[in-house]
>>> print(open('query-v7.tsv').read())   # TSV, C-alpha atoms
chain	number	residue	atom	x	y	z
H	1	MET	CA	7.99	-13.22	20.30
H	2	PRO	CA	7.07	-11.38	17.09
H	3	LYS	CA	5.70	-7.86	17.16
H	4	SER	CA	2.40	-6.44	16.07
H	5	MET	CA	2.40	-3.90	13.23
H	6	THR	CA	-0.19	-1.63	14.87
H	7	GLY	CA	0.49	0.91	17.57
H	8	TYR	CA	0.54	4.56	18.56
H	9	ALA	CA	2.93	6.63	20.63
H	10	ARG	CA	3.34	10.30	21.52
H	11	TYR	CA	6.12	12.10	23.35
H	12	GLU	CA	6.62	15.74	24.20
H	13	LYS	CA	9.68	17.58	25.49
H	14	ILE	CA	10.41	21.18	26.41
H	15	GLU	CA	14.09	22.08	26.36
H	16	GLN	CA	15.81	25.44	26.16
H	17	SER	CA	13.51	27.62	24.04
H	18	TYR	CA	11.74	24.85	22.15
H	19	ARG	CA	8.75	22.55	22.63
H	20	VAL	CA	8.97	19.44	20.49
H	21	VAL	CA	6.10	16.98	20.03
H	22	CYS	CA	6.41	13.68	18.19
H	23	GLU	CA	3.52	11.40	17.21
H	24	ILE	CA	3.89	8.02	15.51
H	25	LYS	CA	1.14	5.74	14.27
H	26	SER	CA	1.82	2.29	12.86
H	27	LEU	CA	-0.55	0.25	10.69
H	28	ASN	CA	-0.43	-2.98	8.69
H	29	SER	CA	1.56	-3.02	5.47
H	30	LYS	CA	3.34	-5.63	3.40
H	31	TYR	CA	6.48	-3.47	3.42
H	32	LEU	CA	7.91	-0.63	5.48
H	33	VAL	CA	6.23	2.57	4.27
H	34	THR	CA	6.91	5.95	5.90
H	35	ASP	CA	4.78	9.09	5.76
H	36	ILE	CA	6.60	11.98	7.47
H	37	GLN	CA	5.48	15.52	8.18
H	38	LEU	CA	8.20	17.88	9.38
H	39	PRO	CA	8.71	21.62	9.78
H	40	SER	CA	10.14	22.99	6.54
H	41	PHE	CA	13.50	23.84	8.13
H	42	MET	CA	14.05	20.11	8.87
H	43	PHE	CA	13.53	18.73	5.36
H	44	SER	CA	17.24	18.09	4.95
H	45	ARG	CA	17.15	15.77	7.98
H	46	GLU	CA	14.35	13.54	6.75
H	47	ASN	CA	16.62	10.67	5.68
H	48	GLU	CA	18.23	10.59	9.11
H	49	LEU	CA	14.81	10.31	10.75
H	50	ILE	CA	13.80	7.53	8.35
H	51	GLN	CA	16.97	5.65	9.28
H	52	SER	CA	16.04	5.92	12.96
H	53	ILE	CA	12.64	4.40	12.16
H	54	GLN	CA	14.22	1.58	10.14
H	55	ASN	CA	16.51	0.72	13.06
H	56	VAL	CA	13.45	-0.13	15.15
H	57	ILE	CA	10.66	-1.09	12.72
H	58	LYS	CA	11.00	-3.60	9.89
H	59	ARG	CA	7.48	-3.66	8.43
H	60	GLY	CA	4.34	-1.52	8.60
H	61	LYS	CA	2.91	1.78	7.41
H	62	ILE	CA	4.45	4.44	9.66
H	63	THR	CA	2.99	7.92	9.99
H	64	LEU	CA	5.33	10.34	11.75
H	65	ARG	CA	4.37	13.89	12.76
H	66	ILE	CA	6.90	16.25	14.35
H	67	TYR	CA	5.95	19.70	15.67
H	68	VAL	CA	8.41	22.32	16.85
H	69	GLU	CA	7.17	25.33	18.83
H	70	PHE	CA	9.43	28.30	19.53
H	71	LEU	CA	8.89	29.54	23.08
H	72	THR	CA	10.99	32.69	22.64
H	73	PRO	CA	11.29	34.98	19.60
H	74	LEU	CA	14.04	34.12	17.14
H	75	ASN	CA	15.85	36.34	14.71
H	76	ALA	CA	15.08	33.83	11.97
H	77	VAL	CA	12.55	35.60	9.75
H	78	LYS	CA	14.36	36.97	6.71
H	79	VAL	CA	12.88	39.52	4.27
H	80	ASP	CA	14.32	39.89	0.79
H	81	TYR	CA	14.12	43.69	0.61
H	82	GLY	CA	15.68	43.92	-2.83
H	83	LEU	CA	13.13	41.53	-4.27
H	84	ALA	CA	10.34	43.29	-2.38
H	85	LYS	CA	11.35	46.63	-3.93
H	86	SER	CA	11.39	45.05	-7.39
H	87	TYR	CA	7.89	43.65	-6.89
H	88	TYR	CA	6.69	47.00	-5.51
H	89	ASP	CA	8.06	48.96	-8.45
H	90	ALA	CA	6.56	46.49	-10.91
H	91	LEU	CA	3.16	46.74	-9.24
H	92	GLU	CA	3.33	50.50	-9.13
H	93	ASP	CA	4.07	50.55	-12.83
H	94	LEU	CA	1.17	48.15	-13.46
H	95	VAL	CA	-1.21	50.34	-11.45
H	96	GLY	CA	-0.12	53.40	-13.43
H	97	GLN	CA	-0.33	51.70	-16.81
H	98	LEU	CA	-3.83	50.35	-16.18
H	99	GLY	CA	-5.11	53.40	-14.34
H	100	ILE	CA	-6.08	51.42	-11.25
H	101	PRO	CA	-7.24	53.87	-8.56
H	102	GLU	CA	-6.00	51.77	-5.62
H	103	PRO	CA	-2.36	52.10	-4.51
H	104	VAL	CA	0.00	49.18	-3.98
H	105	ASN	CA	-0.06	48.00	-0.32
H	106	LEU	CA	1.66	45.47	1.93
H	107	ASP	CA	-1.04	42.89	1.40
H	108	ASN	CA	-0.27	42.91	-2.32
H	109	LEU	CA	3.41	42.25	-1.66
H	110	LEU	CA	2.83	39.46	0.89
H	111	ARG	CA	1.11	37.40	-1.78
H	112	PHE	CA	4.60	36.77	-3.18
H	113	ARG	CA	5.73	33.95	-0.87
H	114	ASP	CA	9.39	34.21	-1.79
H	115	LEU	CA	9.72	37.62	-0.11
H	116	VAL	CA	9.66	36.25	3.46
H	117	ARG	CA	11.36	33.06	4.56
H	118	PHE	CA	12.17	31.31	7.81
H	119	GLU	CA	15.91	30.67	8.07
H	120	LEU	CA	17.69	29.23	11.11
H	121	SER	CA	21.40	29.40	11.71
H	122	GLN	CA	23.35	26.15	11.47
H	123	GLN	CA	23.84	26.16	15.23
H	124	GLN	CA	20.10	26.63	15.88
H	125	GLU	CA	19.23	23.88	13.43
H	126	GLN	CA	21.66	21.42	15.01
H	127	GLN	CA	20.36	22.33	18.45
H	128	ILE	CA	16.73	21.72	17.48
H	129	PHE	CA	17.54	18.52	15.60
H	130	GLY	CA	19.30	17.14	18.67
H	131	ILE	CA	16.10	17.61	20.67
H	132	VAL	CA	13.96	16.20	17.85
H	133	LYS	CA	16.19	13.12	17.57
H	134	ASP	CA	15.96	12.48	21.30
H	135	VAL	CA	12.17	12.87	21.26
H	136	LEU	CA	11.87	10.59	18.23
H	137	ASP	CA	13.99	7.87	19.86
H	138	LYS	CA	11.84	7.94	22.99
H	139	THR	CA	8.64	7.84	20.93
H	140	LEU	CA	9.95	4.90	18.91
H	141	LYS	CA	10.84	3.08	22.12
H	142	SER	CA	7.33	3.58	23.45
H	143	LEU	CA	5.83	2.43	20.14
H	144	ASP	CA	8.10	-0.61	20.06
H	145	GLU	CA	7.01	-1.59	23.58
H	146	GLU	CA	3.36	-1.34	22.58
H	147	ARG	CA	3.93	-3.36	19.39
H	148	THR	CA	5.85	-5.98	21.38
H	149	SER	CA	3.09	-6.29	23.97
H	150	GLU	CA	0.39	-6.63	21.32
H	151	GLY	CA	2.59	-9.06	19.35
H	152	THR	CA	2.98	-11.29	22.42
H	153	ARG	CA	-0.80	-11.41	22.87
H	154	LEU	CA	-1.27	-12.23	19.19
H	155	ALA	CA	1.38	-14.96	19.34
H	156	HIS	CA	-0.41	-16.65	22.25
H	157	ASP	CA	-3.70	-16.60	20.32
H	158	LEU	CA	-1.98	-18.02	17.25
H	159	GLU	CA	-0.32	-20.77	19.29
H	160	LYS	CA	-3.77	-21.85	20.54
H	161	ILE	CA	-4.93	-22.18	16.93
H	162	LEU	CA	-1.84	-24.24	16.08
H	163	GLN	CA	-2.54	-26.57	19.01
H	164	GLN	CA	-6.10	-27.12	17.74
H	165	LEU	CA	-4.75	-27.83	14.27
H	166	LEU	CA	-2.25	-30.34	15.70
H	167	VAL	CA	-5.07	-32.18	17.50
H	168	ILE	CA	-7.00	-32.31	14.21
H	169	GLN	CA	-3.92	-33.53	12.34
H	170	ASN	CA	-3.41	-36.34	14.84
H	171	GLY	CA	-7.09	-37.25	14.63
H	172	ILE	CA	-7.02	-37.38	10.83
H	173	SER	CA	-3.90	-39.58	11.00
H	174	LYS	CA	-5.75	-42.06	13.19
H	175	PHE	CA	-8.85	-42.01	10.98
H	176	SER	CA	-6.65	-42.43	7.89
H	177	GLU	CA	-5.20	-45.72	9.16
H	178	GLU	CA	-8.67	-47.06	9.96
H	179	SER	CA	-10.03	-45.76	6.66
H	180	SER	CA	-7.41	-47.63	4.61
H	181	ILE	CA	-8.42	-50.96	6.13
H	182	LEU	CA	-12.13	-50.25	5.70
H	183	MET	CA	-11.58	-49.05	2.14
H	184	LYS	CA	-9.80	-52.27	1.15
H	185	GLU	CA	-12.64	-54.41	2.49
H	186	LYS	CA	-15.30	-52.23	0.91
H	187	ILE	CA	-13.69	-52.38	-2.56
H	188	LYS	CA	-13.42	-56.16	-2.38
H	189	GLN	CA	-17.02	-56.53	-1.25
H	190	ASP	CA	-18.26	-54.12	-3.93
H	191	VAL	CA	-16.42	-56.01	-6.68
H	192	LYS	CA	-17.72	-59.37	-5.55
H	193	ARG	CA	-21.26	-58.04	-5.20
H	194	MET	CA	-21.24	-56.65	-8.75
H	195	LEU	CA	-19.98	-59.89	-10.32
H	196	ASP	CA	-22.00	-63.05	-10.88
H	197	ASN	CA	-21.37	-65.89	-8.48
H	198	ASP	CA	-20.00	-68.09	-11.26
H	199	VAL	CA	-17.29	-65.58	-12.23
H	200	GLN	CA	-13.87	-66.68	-11.04
H	201	LEU	CA	-11.87	-63.78	-9.52
H	202	ASN	CA	-8.15	-63.37	-9.97
H	203	GLU	CA	-7.21	-62.55	-6.41
H	204	ASP	CA	-3.82	-61.14	-7.37
H	205	LEU	CA	-5.35	-58.71	-9.84
H	206	LEU	CA	-8.02	-57.75	-7.34
H	207	GLU	CA	-5.42	-57.15	-4.67
H	208	ASN	CA	-3.37	-54.99	-7.03
H	209	ALA	CA	-6.43	-52.95	-7.96
H	210	VAL	CA	-7.29	-52.48	-4.28
H	211	VAL	CA	-3.75	-51.39	-3.45
H	212	PHE	CA	-3.77	-48.92	-6.35
H	213	ALA	CA	-7.07	-47.41	-5.19
H	214	VAL	CA	-5.88	-47.15	-1.59
H	215	GLN	CA	-2.62	-45.52	-2.67
H	216	ARG	CA	-4.51	-42.87	-4.62
H	217	ALA	CA	-6.42	-42.04	-1.45
H	218	ASP	CA	-3.31	-42.19	0.76
H	219	ILE	CA	-2.87	-38.91	2.68
H	220	ARG	CA	0.10	-39.84	4.86
H	221	GLU	CA	2.47	-37.60	2.91
H	222	GLU	CA	0.10	-34.62	3.18
H	223	LEU	CA	-0.33	-35.22	6.91
H	224	ALA	CA	3.44	-35.37	7.42
H	225	ARG	CA	3.91	-32.08	5.57
H	226	LEU	CA	1.03	-30.49	7.48
H	227	LYS	CA	2.62	-31.49	10.78
H	228	SER	CA	5.95	-30.08	9.60
H	229	HIS	CA	4.28	-26.75	8.71
H	230	LEU	CA	2.61	-26.61	12.12
H	231	GLN	CA	5.96	-27.15	13.84
H	232	LYS	CA	7.59	-24.47	11.67
H	233	ALA	CA	4.84	-22.00	12.53
H	234	GLU	CA	5.40	-22.67	16.24
H	235	GLU	CA	9.12	-22.02	15.84
H	236	LEU	CA	8.47	-18.73	14.04
H	237	LEU	CA	6.08	-17.57	16.78
H	238	LYS	CA	8.91	-17.94	19.29
H	239	SER	CA	11.29	-15.85	17.17
H	240	ASN	CA	12.11	-12.20	17.83
H	241	ASP	CA	12.66	-11.54	14.13
H	242	SER	CA	10.25	-10.09	11.59
H	243	VAL	CA	8.37	-13.28	10.65
H	244	GLY	CA	4.97	-12.09	9.38
H	245	ASN	CA	5.66	-12.81	5.70
H	246	HIS	CA	7.19	-16.20	6.53
H	247	LEU	CA	4.17	-17.14	8.66
H	248	ASP	CA	1.83	-16.18	5.83
H	249	PHE	CA	3.72	-18.45	3.43
H	250	VAL	CA	3.60	-21.36	5.91
H	251	ALA	CA	-0.14	-20.83	6.38
H	252	GLN	CA	-0.65	-20.99	2.61
H	253	GLU	CA	1.17	-24.31	2.53
H	254	MET	CA	-0.97	-25.64	5.40
H	255	PHE	CA	-4.06	-24.65	3.44
H	256	ARG	CA	-2.73	-26.45	0.37
H	257	GLU	CA	-2.17	-29.71	2.29
H	258	VAL	CA	-5.64	-29.63	3.84
H	259	ASN	CA	-7.24	-29.05	0.45
H	260	THR	CA	-5.39	-32.07	-0.95
H	261	ILE	CA	-6.55	-34.18	2.00
H	262	LEU	CA	-10.12	-33.13	1.30
H	263	SER	CA	-9.86	-34.01	-2.40
H	264	LYS	CA	-8.49	-37.48	-1.65
H	265	SER	CA	-10.66	-38.50	1.28
H	266	GLN	CA	-13.96	-40.34	1.27
H	267	ASP	CA	-14.14	-40.88	5.03
H	268	GLN	CA	-16.67	-38.41	6.41
H	269	ARG	CA	-14.76	-38.11	9.68
H	270	ILE	CA	-11.66	-36.97	7.79
H	271	ILE	CA	-13.69	-34.59	5.65
H	272	ASP	CA	-15.31	-33.00	8.72
H	273	ASP	CA	-11.96	-32.55	10.46
H	274	ALA	CA	-10.33	-31.16	7.32
H	275	LEU	CA	-13.11	-28.58	6.99
H	276	ARG	CA	-12.57	-27.56	10.62
H	277	ALA	CA	-8.86	-27.23	9.87
H	278	LYS	CA	-9.60	-24.93	6.91
H	279	VAL	CA	-11.62	-22.62	9.16
H	280	LEU	CA	-8.82	-22.51	11.73
H	281	ILE	CA	-6.14	-21.85	9.09
H	282	SER	CA	-8.27	-19.00	7.71
H	283	GLN	CA	-8.43	-17.50	11.23
H	284	PHE	CA	-4.68	-17.99	11.56
H	285	ARG	CA	-3.97	-16.21	8.25
H	286	GLU	CA	-6.26	-13.35	9.16
H	287	GLN	CA	-4.49	-12.72	12.46
H	288	ILE	CA	-0.93	-12.98	11.12
H	289	GLN	CA	-1.65	-10.06	8.79
H	290	ASN	CA	-0.98	-7.96	11.89
H	291	ILE	CA	2.39	-9.59	12.66
H	292	GLU	CA	5.56	-7.69	11.66
>>> encode(input="query-v7.tsv", output="structure tokens")
Amino acid sequence: MPKSMTGYARYEKIEQSYRVVCEIKSLNSKYLVTDIQLPSFMFSRENELIQSIQNVIKRGKITLRIYVEFLTPLNAVKVDYGLAKSYYDALEDLVGQLGIPEPVNLDNLLRFRDLVRFELSQQQEQQIFGIVKDVLDKTLKSLDEERTSEGTRLAHDLEKILQQLLVIQNGISKFSEESSILMKEKIKQDVKRMLDNDVQLNEDLLENAVVFAVQRADIREELARLKSHLQKAEELLKSNDSVGNHLDFVAQEMFREVNTILSKSQDQRIIDDALRAKVLISQFREQIQNIE
């Protein structure tokens, strides 16, 4: 069964001296789009996290949030004392030159963001990333299960629509056969009624004209293609692949065939059924926008 593109999952883990929380939200999108928020010390690992997402999710707008909390103090805050002294001396000189009565203080220096930085050792970074990767994998698994469950429900709803469309297609096929016979008789009667009684008809020419008119209104080819599209859609709904885009294309083709049937038909029964089919196909297209 295909998967839904919408879902939410959250997972939290406390290990060693760290608390890691991962949240993932998935929404509809034509392509796979990722929006990731990480602690600054993990920026270099972003591509690896994106690859993990791509291994599980093929389409959708993915919002990933990862939080890392340090449960014990770390010797990871680094102060650039040389740069701080340079800033301090420059400010002191500025205060003296301008005759500012207030002295330079710590608050003035902390406005320069490059003085203090958070810097983990390689071992600490690898340790934290290992926890983050595990938490992300578990969150993705939970999200995938939710998307699969919702996708199964959607597929069942879509299959019901396809069954209704198949009933309509069969009904139109039956009406089409009856309509051809009635149309032939009606054309002949209309021609004879319009002509004077003393006009001699060429039956061969009349028959050819009737056949030509009936052929122009023939919808057998459109009905055959419509049935083929319905069968293809059913096959796709049983697939475990990412089929949302393919289903949308098939639905467009179904819509095209029904429109052609409407333009060719004069039988009110066929017109009514074709209009019902258009409504159902519109519902079908709306729902498959949520299929991966």
>>> closest_residue(input="query-v7.tsv", among="H:Ile219, H:Ile128, H:Ala90, H:Leu64", to="H:Gln266", atoms="all atoms listed in the file")
H:Ile219
>>> residues_around(input="query-v7.tsv", residues="H:Lys3", least_positions_apart="2", cutoff="10 Å", atoms="all atoms listed in the file", output="VMD selection string")
chain H and resid 1 5 to 6 57 to 59 144 to 155 237 239 to 244 290 to 292
>>> atom_distance(input="query-v7.tsv", atom1="atom CA of H:Leu230", atom2="atom CA of H:Pro2")
16.6 Å
>>> residues_around(input="query-v7.tsv", residues="H:Ile24", least_positions_apart="4", cutoff="10 Å", atoms="only C-alpha atoms", output="PyMOL selection string")
chain H and resi 7-11+35-36+62-66+136+139-140+142-143
>>> residues_around(input="query-v7.tsv", residues="H:Ile270", least_positions_apart="6", cutoff="10 Å", atoms="only C-alpha atoms", output="list in words")
Ile168, Gln169, Gly171, Ile172, Ser173, Lys174, Phe175, Ser176, Ser179, Ile261, Leu262, Lys264 and Arg276 of chain H
>>> build_atoms(input="query-v7.tsv", residues="stretch 64-82 of chain H", atoms="N, CA, C and O atoms", output="PDB file, in the coordinates of the input")
ATOM      1  N   LEU H  64       4.571   9.568  10.763  1.00  0.00           N
ATOM      2  CA  LEU H  64       5.330  10.340  11.750  1.00  0.00           C
ATOM      3  C   LEU H  64       4.987  11.820  11.613  1.00  0.00           C
ATOM      4  O   LEU H  64       5.029  12.377  10.516  1.00  0.00           O
ATOM      5  N   ARG H  65       4.649  12.456  12.725  1.00  0.00           N
ATOM      6  CA  ARG H  65       4.370  13.890  12.760  1.00  0.00           C
ATOM      7  C   ARG H  65       5.261  14.521  13.820  1.00  0.00           C
ATOM      8  O   ARG H  65       5.256  14.095  14.975  1.00  0.00           O
ATOM      9  N   ILE H  66       6.033  15.539  13.411  1.00  0.00           N
ATOM     10  CA  ILE H  66       6.900  16.250  14.350  1.00  0.00           C
ATOM     11  C   ILE H  66       6.541  17.736  14.330  1.00  0.00           C
ATOM     12  O   ILE H  66       6.470  18.352  13.260  1.00  0.00           O
ATOM     13  N   TYR H  67       6.293  18.281  15.515  1.00  0.00           N
ATOM     14  CA  TYR H  67       5.950  19.700  15.670  1.00  0.00           C
ATOM     15  C   TYR H  67       7.019  20.371  16.520  1.00  0.00           C
ATOM     16  O   TYR H  67       7.445  19.828  17.536  1.00  0.00           O
ATOM     17  N   VAL H  68       7.431  21.537  16.082  1.00  0.00           N
ATOM     18  CA  VAL H  68       8.410  22.320  16.850  1.00  0.00           C
ATOM     19  C   VAL H  68       7.791  23.686  17.131  1.00  0.00           C
ATOM     20  O   VAL H  68       7.406  24.411  16.212  1.00  0.00           O
ATOM     21  N   GLU H  69       7.709  24.027  18.422  1.00  0.00           N
ATOM     22  CA  GLU H  69       7.170  25.330  18.830  1.00  0.00           C
ATOM     23  C   GLU H  69       8.297  26.158  19.443  1.00  0.00           C
ATOM     24  O   GLU H  69       9.060  25.664  20.285  1.00  0.00           O
ATOM     25  N   PHE H  70       8.398  27.408  19.020  1.00  0.00           N
ATOM     26  CA  PHE H  70       9.430  28.300  19.530  1.00  0.00           C
ATOM     27  C   PHE H  70       8.856  29.100  20.692  1.00  0.00           C
ATOM     28  O   PHE H  70       7.908  29.881  20.528  1.00  0.00           O
ATOM     29  N   LEU H  71       9.428  28.921  21.876  1.00  0.00           N
ATOM     30  CA  LEU H  71       8.890  29.540  23.080  1.00  0.00           C
ATOM     31  C   LEU H  71       9.410  30.956  23.295  1.00  0.00           C
ATOM     32  O   LEU H  71       8.850  31.712  24.095  1.00  0.00           O
ATOM     33  N   THR H  72      10.466  31.313  22.594  1.00  0.00           N
ATOM     34  CA  THR H  72      10.990  32.690  22.640  1.00  0.00           C
ATOM     35  C   THR H  72      11.210  33.162  21.209  1.00  0.00           C
ATOM     36  O   THR H  72      11.467  32.345  20.312  1.00  0.00           O
ATOM     37  N   PRO H  73      11.106  34.462  20.974  1.00  0.00           N
ATOM     38  CA  PRO H  73      11.290  34.980  19.600  1.00  0.00           C
ATOM     39  C   PRO H  73      12.696  34.682  19.080  1.00  0.00           C
ATOM     40  O   PRO H  73      13.678  34.709  19.827  1.00  0.00           O
ATOM     41  N   LEU H  74      12.762  34.382  17.791  1.00  0.00           N
ATOM     42  CA  LEU H  74      14.040  34.120  17.140  1.00  0.00           C
ATOM     43  C   LEU H  74      14.259  35.125  16.017  1.00  0.00           C
ATOM     44  O   LEU H  74      13.309  35.550  15.360  1.00  0.00           O
ATOM     45  N   ASN H  75      15.513  35.469  15.825  1.00  0.00           N
ATOM     46  CA  ASN H  75      15.850  36.340  14.710  1.00  0.00           C
ATOM     47  C   ASN H  75      16.068  35.455  13.476  1.00  0.00           C
ATOM     48  O   ASN H  75      17.163  35.333  12.944  1.00  0.00           O
ATOM     49  N   ALA H  76      14.960  34.813  13.037  1.00  0.00           N
ATOM     50  CA  ALA H  76      15.080  33.830  11.970  1.00  0.00           C
ATOM     51  C   ALA H  76      14.191  34.147  10.774  1.00  0.00           C
ATOM     52  O   ALA H  76      14.211  33.413   9.787  1.00  0.00           O
ATOM     53  N   VAL H  77      13.410  35.215  10.863  1.00  0.00           N
ATOM     54  CA  VAL H  77      12.550  35.600   9.750  1.00  0.00           C
ATOM     55  C   VAL H  77      13.317  36.577   8.854  1.00  0.00           C
ATOM     56  O   VAL H  77      13.713  37.648   9.295  1.00  0.00           O
ATOM     57  N   LYS H  78      13.562  36.173   7.632  1.00  0.00           N
ATOM     58  CA  LYS H  78      14.360  36.970   6.710  1.00  0.00           C
ATOM     59  C   LYS H  78      13.452  37.548   5.611  1.00  0.00           C
ATOM     60  O   LYS H  78      12.628  36.835   5.030  1.00  0.00           O
ATOM     61  N   VAL H  79      13.625  38.848   5.333  1.00  0.00           N
ATOM     62  CA  VAL H  79      12.880  39.520   4.270  1.00  0.00           C
ATOM     63  C   VAL H  79      13.855  39.900   3.162  1.00  0.00           C
ATOM     64  O   VAL H  79      14.900  40.505   3.419  1.00  0.00           O
ATOM     65  N   ASP H  80      13.492  39.536   1.951  1.00  0.00           N
ATOM     66  CA  ASP H  80      14.320  39.890   0.790  1.00  0.00           C
ATOM     67  C   ASP H  80      13.880  41.283   0.321  1.00  0.00           C
ATOM     68  O   ASP H  80      12.978  41.423  -0.512  1.00  0.00           O
ATOM     69  N   TYR H  81      14.548  42.317   0.888  1.00  0.00           N
ATOM     70  CA  TYR H  81      14.120  43.690   0.610  1.00  0.00           C
ATOM     71  C   TYR H  81      14.340  44.083  -0.844  1.00  0.00           C
ATOM     72  O   TYR H  81      13.549  44.823  -1.426  1.00  0.00           O
ATOM     73  N   GLY H  82      15.419  43.597  -1.427  1.00  0.00           N
ATOM     74  CA  GLY H  82      15.680  43.920  -2.830  1.00  0.00           C
ATOM     75  C   GLY H  82      14.578  43.376  -3.732  1.00  0.00           C
ATOM     76  O   GLY H  82      14.073  44.073  -4.631  1.00  0.00           O
TER      77      GLY H  82
END
